Every structure is written in structure tokens, then in C-alpha cells.
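**Student:** Coordinates in model-v2.txt, compact mmCIF, C-alpha atoms, are listed below.
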# COMPACT_ATOMS: atom_id res chain seq x y z
CA MET A 1 -17.20 14.93 12.02
CA ASN A 2 -19.31 15.17 15.17
CA LYS A 3 -19.28 12.41 17.78
CA PRO A 4 -22.74 10.83 17.09
CA VAL A 5 -21.94 10.47 13.38
CA LYS A 6 -18.55 8.98 14.20
CA VAL A 7 -20.08 6.50 16.65
CA LEU A 8 -22.70 5.52 14.10
CA LYS A 9 -20.06 5.03 11.41
CA TYR A 10 -17.94 2.76 13.59
CA PHE A 11 -21.04 0.84 14.67
CA PHE A 12 -21.94 -0.04 11.08
CA LEU A 13 -18.30 -0.79 10.25
CA SER A 14 -18.10 -3.16 13.22
CA LEU A 15 -21.39 -4.76 12.23
CA TRP A 16 -20.14 -5.29 8.69
CA ALA A 17 -16.88 -6.72 9.98
CA LEU A 18 -18.83 -9.25 12.08
CA ILE A 19 -20.88 -10.26 9.05
CA VAL A 20 -17.75 -10.74 6.93
CA LEU A 21 -15.80 -12.62 9.61
CA PHE A 22 -18.65 -14.86 10.78
CA PRO A 23 -18.14 -17.53 8.06
CA PHE A 24 -14.48 -17.84 9.13
CA TYR A 25 -15.52 -18.16 12.76
CA TRP A 26 -18.09 -20.80 11.88
CA MET A 27 -15.52 -22.71 9.83
CA ILE A 28 -13.02 -22.78 12.71
CA LEU A 29 -15.71 -23.57 15.26
CA SER A 30 -16.99 -26.52 13.22
CA SER A 31 -13.45 -27.81 12.76
CA VAL A 32 -12.91 -28.17 16.54
CA LYS A 33 -16.25 -29.85 17.29
CA SER A 34 -16.19 -33.61 17.62
CA TYR A 35 -18.03 -35.66 15.02
CA SER A 36 -20.61 -36.85 17.54
CA ALA A 37 -21.14 -33.40 19.04
CA TYR A 38 -21.63 -31.85 15.62
CA ASN A 39 -24.20 -34.44 14.53
CA SER A 40 -26.09 -34.26 17.81
CA GLU A 41 -26.81 -30.55 17.43
CA TYR A 42 -30.34 -30.18 16.14
CA ILE A 43 -29.93 -26.44 16.64
CA PRO A 44 -26.38 -25.26 15.78
CA LYS A 45 -24.44 -23.85 18.74
CA PHE A 46 -22.19 -20.84 18.40
CA PHE A 47 -19.59 -22.21 20.81
CA THR A 48 -18.21 -25.49 22.13
CA LEU A 49 -16.97 -26.44 25.58
CA THR A 50 -15.09 -29.52 24.36
CA PRO A 51 -12.86 -28.49 21.44
CA THR A 52 -10.80 -31.21 19.75
CA LEU A 53 -8.02 -31.38 17.17
CA GLN A 54 -8.95 -34.90 16.04
CA ASN A 55 -10.62 -33.51 12.93
CA TYR A 56 -7.31 -32.07 11.74
CA LYS A 57 -5.65 -35.45 12.15
CA ASP A 58 -8.50 -37.12 10.24
CA ALA A 59 -8.22 -34.57 7.42
CA PHE A 60 -4.56 -35.44 6.86
CA THR A 61 -4.90 -39.21 7.29
CA ALA A 62 -8.11 -39.88 5.37
CA VAL A 63 -6.91 -38.12 2.21
CA PRO A 64 -3.43 -37.15 0.89
CA LEU A 65 -3.85 -33.54 2.01
CA ALA A 66 -0.09 -33.11 2.53
CA ARG A 67 0.51 -34.05 -1.12
CA TYR A 68 -2.07 -31.51 -2.25
CA PHE A 69 -0.23 -28.91 -0.19
CA LEU A 70 3.12 -29.78 -1.75
CA ASN A 71 1.66 -29.72 -5.28
CA THR A 72 0.08 -26.34 -4.64
CA LEU A 73 3.32 -24.98 -3.20
CA VAL A 74 5.31 -26.10 -6.26
CA PHE A 75 2.66 -24.73 -8.62
CA THR A 76 2.35 -21.40 -6.78
CA LEU A 77 6.06 -20.66 -6.39
CA SER A 78 6.98 -21.75 -9.93
CA THR A 79 4.14 -19.84 -11.57
CA THR A 80 4.78 -16.68 -9.55
CA ALA A 81 8.54 -16.72 -10.27
CA LEU A 82 8.09 -17.23 -14.02
CA MET A 83 5.32 -14.64 -14.17
CA LEU A 84 7.50 -12.06 -12.40
CA LEU A 85 10.25 -12.56 -14.96
CA VAL A 86 7.80 -12.07 -17.85
CA ILE A 87 5.78 -9.13 -16.54
CA ILE A 88 8.75 -7.16 -15.17
CA LEU A 89 10.53 -7.25 -18.53
CA ALA A 90 7.31 -6.50 -20.44
CA ALA A 91 6.30 -3.64 -18.13
CA TYR A 92 9.77 -2.11 -18.33
CA ALA A 93 9.73 -2.26 -22.12
CA PHE A 94 6.35 -0.52 -22.31
CA ALA A 95 7.21 2.06 -19.65
CA ARG A 96 10.76 3.03 -20.51
CA LEU A 97 12.00 1.77 -23.88
CA ARG A 98 11.24 3.67 -27.06
CA PHE A 99 10.38 1.59 -30.12
CA ARG A 100 8.11 2.00 -33.12
CA GLY A 101 4.50 1.04 -32.50
CA ARG A 102 4.87 0.84 -28.72
CA GLU A 103 1.56 2.54 -27.92
CA LEU A 104 -0.30 0.48 -30.54
CA VAL A 105 1.16 -2.76 -29.22
CA PHE A 106 0.28 -1.81 -25.64
CA THR A 107 -3.27 -0.87 -26.67
CA LEU A 108 -3.71 -4.21 -28.42
CA PHE A 109 -2.25 -5.87 -25.37
CA LEU A 110 -4.84 -4.21 -23.13
CA ALA A 111 -7.55 -5.28 -25.56
CA LEU A 112 -6.78 -8.87 -24.61
CA MET A 113 -8.46 -8.15 -21.28
CA MET A 114 -11.74 -7.89 -23.20
CA ILE A 115 -11.57 -11.54 -24.29
CA PRO A 116 -13.75 -13.76 -22.07
CA ASN A 117 -11.70 -16.02 -19.86
CA GLU A 118 -13.70 -19.04 -21.02
CA LEU A 119 -12.39 -18.62 -24.57
CA VAL A 120 -8.81 -18.44 -23.32
CA ILE A 121 -9.29 -21.58 -21.23
CA ILE A 122 -10.61 -23.50 -24.24
CA THR A 123 -7.66 -22.40 -26.39
CA ASN A 124 -5.16 -23.21 -23.66
CA PHE A 125 -6.74 -26.61 -23.08
CA VAL A 126 -6.47 -27.55 -26.75
CA THR A 127 -2.87 -26.31 -26.92
CA VAL A 128 -1.74 -28.09 -23.74
CA THR A 129 -3.51 -31.30 -24.78
CA ASN A 130 -1.90 -31.25 -28.23
CA LEU A 131 1.51 -30.79 -26.61
CA GLY A 132 0.91 -33.80 -24.38
CA LEU A 133 1.20 -31.77 -21.18
CA ARG A 134 -1.95 -32.91 -19.42
CA ASN A 135 -1.33 -34.21 -15.90
CA THR A 136 2.03 -32.43 -15.70
CA PHE A 137 3.25 -29.43 -13.74
CA ALA A 138 4.27 -27.80 -17.01
CA GLY A 139 0.68 -28.00 -18.22
CA LEU A 140 -0.52 -26.46 -14.97
CA ILE A 141 2.05 -23.67 -14.89
CA LEU A 142 2.65 -22.44 -18.45
CA PRO A 143 -0.78 -20.87 -19.20
CA SER A 144 -0.49 -18.75 -16.04
CA VAL A 145 2.97 -17.23 -16.45
CA THR A 146 1.72 -13.90 -17.78
CA SER A 147 -1.05 -11.44 -16.99
CA VAL A 148 -2.11 -8.34 -18.90
CA PHE A 149 -3.48 -6.75 -15.74
CA TYR A 150 -0.26 -7.21 -13.77
CA ILE A 151 1.80 -5.89 -16.68
CA TYR A 152 -0.44 -2.81 -16.82
CA LEU A 153 -0.23 -2.30 -13.04
CA LEU A 154 3.55 -2.60 -13.02
CA LYS A 155 3.95 -0.49 -16.16
CA GLU A 156 2.04 2.38 -14.55
CA SER A 157 4.25 2.13 -11.48
CA PHE A 158 7.42 2.12 -13.60
CA ALA A 159 6.14 5.12 -15.57
CA GLY A 160 5.91 7.08 -12.32
CA VAL A 161 9.70 6.96 -11.86
CA PRO A 162 11.18 10.29 -13.10
CA ASP A 163 12.81 10.15 -16.54
CA GLU A 164 15.77 12.12 -15.21
CA LEU A 165 16.93 9.06 -13.28
CA TYR A 166 16.96 7.01 -16.47
CA TYR A 167 18.82 9.63 -18.48
CA ALA A 168 21.40 10.09 -15.70
CA ALA A 169 21.92 6.33 -15.53
CA LYS A 170 22.44 6.12 -19.30
CA VAL A 171 24.98 8.95 -19.18
CA ASP A 172 26.91 6.92 -16.58
CA GLY A 173 26.89 3.97 -18.96
CA THR A 174 24.37 1.89 -16.99
CA SER A 175 22.67 -0.83 -19.01
CA ASP A 176 18.89 -1.11 -19.09
CA LEU A 177 19.00 -4.39 -17.18
CA ARG A 178 21.12 -2.90 -14.42
CA TYR A 179 18.90 0.20 -14.26
CA LEU A 180 15.87 -2.05 -13.96
CA THR A 181 17.31 -4.13 -11.13
CA LYS A 182 19.09 -1.36 -9.22
CA VAL A 183 16.65 1.53 -9.61
CA MET A 184 13.23 0.63 -10.95
CA LEU A 185 12.55 -2.47 -8.85
CA PRO A 186 13.66 -0.96 -5.51
CA VAL A 187 11.63 2.21 -6.15
CA CYS A 188 8.54 0.21 -7.20
CA ARG A 189 8.95 -2.48 -4.55
CA PRO A 190 5.45 -2.00 -3.02
CA THR A 191 3.81 -2.66 -6.38
CA VAL A 192 6.01 -5.68 -7.04
CA ILE A 193 5.16 -7.10 -3.61
CA THR A 194 1.48 -6.48 -4.29
CA VAL A 195 1.68 -8.37 -7.58
CA ILE A 196 3.49 -11.26 -5.89
CA ILE A 197 0.89 -11.53 -3.13
CA LEU A 198 -2.07 -11.28 -5.51
CA LYS A 199 -0.54 -13.93 -7.78
CA ILE A 200 0.11 -16.26 -4.85
CA ILE A 201 -3.52 -15.89 -3.77
CA GLU A 202 -4.69 -16.46 -7.34
CA CYS A 203 -2.59 -19.62 -7.72
CA TRP A 204 -3.51 -20.97 -4.30
CA ASN A 205 -7.22 -20.58 -5.06
CA SER A 206 -6.95 -21.78 -8.66
CA TYR A 207 -9.66 -24.32 -9.40
CA VAL A 208 -11.05 -24.33 -12.94
CA TRP A 209 -7.80 -24.78 -14.89
CA PRO A 210 -6.26 -27.44 -12.58
CA ARG A 211 -9.59 -29.26 -12.53
CA LEU A 212 -9.72 -29.22 -16.32
CA ILE A 213 -6.13 -30.18 -17.09
CA THR A 214 -5.54 -32.84 -14.41
CA ASP A 215 -7.43 -36.00 -13.61
CA ASP A 216 -4.52 -37.69 -11.86
CA GLU A 217 -4.65 -37.31 -8.08
CA ALA A 218 -0.86 -37.04 -8.01
CA TYR A 219 -1.19 -33.53 -9.50
CA TYR A 220 -4.20 -32.29 -7.53
CA LEU A 221 -3.96 -28.88 -5.90
CA VAL A 222 -5.61 -28.05 -2.58
CA SER A 223 -8.71 -26.63 -4.27
CA ASN A 224 -9.18 -29.79 -6.31
CA GLY A 225 -8.29 -31.88 -3.29
CA ILE A 226 -11.09 -30.33 -1.26
CA GLN A 227 -13.51 -31.11 -4.07
CA ALA A 228 -12.19 -34.68 -4.20
CA ILE A 229 -12.69 -34.98 -0.44
CA ARG A 230 -16.29 -33.88 -0.83
CA GLU A 231 -16.97 -36.18 -3.76
CA ASN A 232 -15.50 -39.34 -2.23
CA GLY A 233 -18.02 -39.21 0.60
CA PHE A 234 -15.59 -38.39 3.40
CA GLY A 235 -16.33 -34.68 3.32
CA ARG A 236 -20.08 -35.18 3.12
CA GLU A 237 -20.13 -37.59 6.04
CA ASN A 238 -17.59 -35.91 8.32
CA ILE A 239 -18.32 -32.19 8.09
CA PRO A 240 -16.03 -31.21 11.03
CA ALA A 241 -13.04 -32.91 9.36
CA MET A 242 -13.96 -31.20 6.09
CA MET A 243 -13.99 -27.84 7.88
CA ALA A 244 -10.61 -28.70 9.43
CA ALA A 245 -9.15 -29.31 5.96
CA VAL A 246 -10.59 -26.02 4.67
CA THR A 247 -9.20 -24.17 7.70
CA VAL A 248 -5.71 -25.56 7.15
CA ILE A 249 -5.85 -24.63 3.46
CA SER A 250 -7.15 -21.12 4.14
CA LEU A 251 -4.71 -20.30 6.95
CA PRO A 252 -1.62 -19.54 4.79
CA LEU A 253 -3.51 -16.98 2.70
CA ILE A 254 -5.06 -15.33 5.75
CA VAL A 255 -1.64 -14.98 7.40
CA LEU A 256 -0.10 -13.72 4.15
CA PHE A 257 -2.74 -11.04 3.75
CA LEU A 258 -2.57 -9.91 7.40
CA VAL A 259 1.23 -9.61 7.26
CA PHE A 260 1.38 -7.74 3.94
CA ARG A 261 -1.94 -5.88 3.88
CA GLY A 262 -0.15 -2.52 4.16
CA LYS A 263 2.07 -3.33 1.18
CA ILE A 264 -0.96 -4.38 -0.86
CA MET A 265 -2.77 -1.09 -0.24
CA GLU A 266 0.39 0.93 -0.94
CA GLY A 267 1.17 -0.99 -4.11
CA VAL A 268 -2.34 -0.62 -5.54
CA SER A 269 -2.40 3.11 -4.81
CA ARG A 270 1.04 3.61 -6.42
CA GLY A 271 0.00 1.61 -9.46
CA GLY A 272 -3.07 3.75 -9.95
CA ILE A 273 -1.37 7.13 -9.60
CA LYS A 274 1.17 8.30 -12.17
CA GLY A 275 3.84 10.76 -11.14
The structure in this file should be written as C-alpha cells.
**Tutor:**
Amino acid sequence: MNKPVKVLKYFFLSLWALIVLFPFYWMILSSVKSYSAYNSEYIPKFFTLTPTLQNYKDAFTAVPLARYFLNTLVFTLSTTALMLLVIILAAYAFARLRFRGRELVFTLFLALMMIPNELVIITNFVTVTNLGLRNTFAGLILPSVTSVFYIYLLKESFAGVPDELYYAAKVDGTSDLRYLTKVMLPVCRPTVITVIILKIIECWNSYVWPRLITDDEAYYLVSNGIQAIRENGFGRENIPAMMAAVTVISLPLIVLFLVFRGKIMEGVSRGGIKG
């Protein structure tokens, strides 16, 4: 690649990066502007000479933002842990165990991805309501403890482990559970980490299901909490404090992605390539 083409490529990549990152910059900038300074700007300014952290204090004192954080943390960690248990066992069964009708069952399993999510939500809502689990953590968590896509991703990664390792382990008298924990999971660690990170992001950003199944503020997640802040008038009136709340909520996911971005790319590539 000659130098002019390379310079042009990096120019457009940098321009695209600025376009993508600008909303985050604007969010952080608005969160450190004072309420009076923000409202006095007839033409928005792209910087401020008097940053303040008062908006962050207002975001935590005006609404129970800390409770929303705790609820989301409980929901995210519990859902991710239970989902890992389910999908690891399911993926291992489809990838390594031999039983009659395995391919048919897996094909039917993949066909579930064709069902519109709206239909699943309706079914889950009726089931959870009939079980009396509305406004409970169980009602929030249980419908999200499995994923056909994550099972498929992990199954493809497990299938890439040579069969010779499995046969050698069985000759040594190793059980399937021990082989899974001592061989398969360490070898496929990038894919497992990718699934964990993607699930955490999915749970943290979850909105529709928590909004549908909870109307008690004691069980609100951060996504529902932000909507509640906007609806109660505080977020509409005090935009800088609203932006401060959004910044605080977004920060954990941004840090998580920046720290593990290499693992995510490696896990996705391993899951998509067999052998």
C-alpha cells in the first residue's frame, strides 16, 4: 500500500472515530457544565472553562441511583452466572457427546433463533405473571438464563478442540465433567470470556423486559431508572444532571470493553473458525 492511500485511509478512519466518539464527548461535557451555564447557552459550546461535579451529586441525591446500580449488579451477575452454567453444559453436549438425534435437536434449537423476540417476550410475560414472579429478581433473571446464540458460539469453539484429547482423557478414566473443566474450558477461555462480557453488556443495557415485568421502583435497573428520571421531570429540567447519571451508568461498560476488547475479538474469531 503506497503512502498517499495509507494516509487517506487513516484520515477517514480518524474522521469516523471522531463521529462515533462525539456523542460520548458531548455527554461528558454536558455533565460537567453547571445548570445555569448550560441553560444560558443559546448556541451550544464545545468546551467549558468552569467544570463542576455538582451534577453527579444531584444525580445520586435526587433519585435512588445507587439502588438502581445495586439492582443491576445483582441482576447482571446472577443472570450471567446461571447462563454460563446452562450454555456450557449444553454446548459441551452438542459438541462432544454422542446421542441419538443430536444433529436434529441442535438444528431445531437453532431454529428458535428465527422466532421473533416479541413473541418470546409475550410468552415469558404470561408465564412469569402466572407464577406470581412479577416485581421479583427471579422474574427478572429466569427468562434470560439461556441463549441459543451463545450456545452455538461456544459449541463451535468446543468443536475446534481435537478429538484426540477427548479420547486420550477417556482412556485415562477422566470423566466428562472433569474433561470439560480441566481441558475444554481452559482451551476455549477467550470464547468463554467473550460470552461473559457480551452477556454483562446485554444485562446492563436490558430495558424492555425489566420495564415490562417490574413496576416497583425497588426492582428498577439502571436503564429503567434513567427512564424514571426523565419521566418524573428531574431529567427534563436538569439536563446536565441527567447527562451525569448517564455517564456514571455508561462508564462501567466502557471500561469493561476497553480492558477486554482483545479477548472479545479473539473469542469471536475462534468461535467462527472450526479446527
**Student:** Which of these residues is nearest to Thr72 (chain A), using all atoms listed in the file: A:Glu156, A:Glu202, A:Asp163, A:Asp215?
**Tutor:**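 Of all the options, A:Glu202 lies closest to Thr72 (chain A).
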**Student:** Of the residues A:Ser157, A:Thr194, A:Ser147, A:Thr123, which is the one nearest to Trp209 (chain A), using only C-alpha atoms?
**Tutor:** A:Thr123
**Student:** Do a neighbour search on region 28-43 of chain A at 12 Å with only C-alpha atoms, toss out local chain neighbours closer than 5 positions, and write the hits as a PyMOL selection string.
**Tutor:** chain A and resi 21-23+48-59+235+237-251
**Student:** May I ask which of the residues A:Val187, A:Leu258, A:Ile226, A:Ala17 is the closest one to Arg211 (chain A), counting only C-alpha atoms?
**Tutor:**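 Closest residue, counting only C-alpha atoms: A:Ile226.
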**Student:** Could you work out an axis-aligned bounding box for all listed atoms of region 166-171 of chain A, with 5 Å added on each of the six sides, and give its centre and edge lengths in Å to one decimal, as JSON?
**Tutor:**
{"center_x": 21.0, "center_y": 8.1, "center_z": -17.4, "size_x": 18.0, "size_y": 14.0, "size_z": 13.8}
**Student:** Write out as a PyMOL selection string which residues come within 10 Å of Phe109 (chain A) when counting all atoms listed in the file, dropping same-chain ones fewer than 3 positions away.
**Tutor:** chain A and resi 103-106+112-114+148-149+151-152
**Student:** Between CA of Phe257 (chain A) and CA of Val222 (chain A), what is the distance, to one decimal in Å?
**Tutor:**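 Rounded to one decimal, the two atoms are 18.4 Å apart.
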**Student:** For Arg189 (chain A), which residue out of A:Phe158, A:Phe75, A:Tyr92, A:Phe137 is the nearest one, using only C-alpha atoms?
**Tutor:**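 Between A:Phe158, A:Phe75, A:Tyr92, A:Phe137, the residue approaching Arg189 (chain A) most closely is A:Phe158.
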**Student:** So, with all atoms listed in the file as the atoms that count, which of A:Thr80, A:Lys6, A:Ile88, A:Trp204 lies closest to Thr181 (chain A)?
**Tutor:**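 Looking only at the distances to Thr181 (chain A), the closest residue turns out to be A:Ile88.
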**Student:** Because the input lacks atoms here, generate N, CA, C and O atoms for region 120-133 of chain A and report them as a compact mmCIF listing (two decimals), in the frame of the given file.
**Tutor:**
# COMPACT_ATOMS: atom_id res chain seq x y z
N VAL A 120 -10.23 -18.21 -23.53
CA VAL A 120 -8.81 -18.44 -23.32
C VAL A 120 -8.59 -19.84 -22.75
O VAL A 120 -7.64 -20.54 -23.14
N ILE A 121 -9.44 -20.25 -21.83
CA ILE A 121 -9.29 -21.58 -21.23
C ILE A 121 -9.44 -22.66 -22.29
O ILE A 121 -8.67 -23.63 -22.31
N ILE A 122 -10.40 -22.51 -23.18
CA ILE A 122 -10.61 -23.50 -24.24
C ILE A 122 -9.37 -23.59 -25.13
O ILE A 122 -8.89 -24.68 -25.46
N THR A 123 -8.85 -22.42 -25.54
CA THR A 123 -7.66 -22.40 -26.39
C THR A 123 -6.46 -23.03 -25.68
O THR A 123 -5.72 -23.82 -26.26
N ASN A 124 -6.27 -22.65 -24.42
CA ASN A 124 -5.16 -23.21 -23.66
C ASN A 124 -5.30 -24.72 -23.47
O ASN A 124 -4.30 -25.46 -23.54
N PHE A 125 -6.52 -25.18 -23.27
CA PHE A 125 -6.74 -26.61 -23.08
C PHE A 125 -6.37 -27.39 -24.34
O PHE A 125 -5.70 -28.42 -24.27
N VAL A 126 -6.79 -26.88 -25.48
CA VAL A 126 -6.47 -27.55 -26.75
C VAL A 126 -4.96 -27.55 -26.97
O VAL A 126 -4.38 -28.57 -27.36
N THR A 127 -4.32 -26.41 -26.71
CA THR A 127 -2.87 -26.31 -26.92
C THR A 127 -2.10 -27.26 -26.00
O THR A 127 -1.22 -28.01 -26.45
N VAL A 128 -2.43 -27.24 -24.71
CA VAL A 128 -1.74 -28.09 -23.74
C VAL A 128 -1.98 -29.56 -24.04
O VAL A 128 -1.06 -30.39 -23.95
N THR A 129 -3.19 -29.90 -24.45
CA THR A 129 -3.51 -31.30 -24.78
C THR A 129 -2.72 -31.75 -26.00
O THR A 129 -2.17 -32.86 -26.03
N ASN A 130 -2.65 -30.89 -27.02
CA ASN A 130 -1.90 -31.25 -28.23
C ASN A 130 -0.40 -31.40 -27.96
O ASN A 130 0.28 -32.16 -28.65
N LEU A 131 0.09 -30.69 -26.96
CA LEU A 131 1.51 -30.79 -26.61
C LEU A 131 1.78 -31.97 -25.67
O LEU A 131 2.94 -32.21 -25.31
N GLY A 132 0.74 -32.66 -25.27
CA GLY A 132 0.91 -33.80 -24.38
C GLY A 132 1.29 -33.42 -22.96
O GLY A 132 2.01 -34.18 -22.29
N LEU A 133 0.82 -32.27 -22.50
CA LEU A 133 1.20 -31.77 -21.18
C LEU A 133 0.11 -31.92 -20.14
O LEU A 133 0.22 -31.33 -19.05
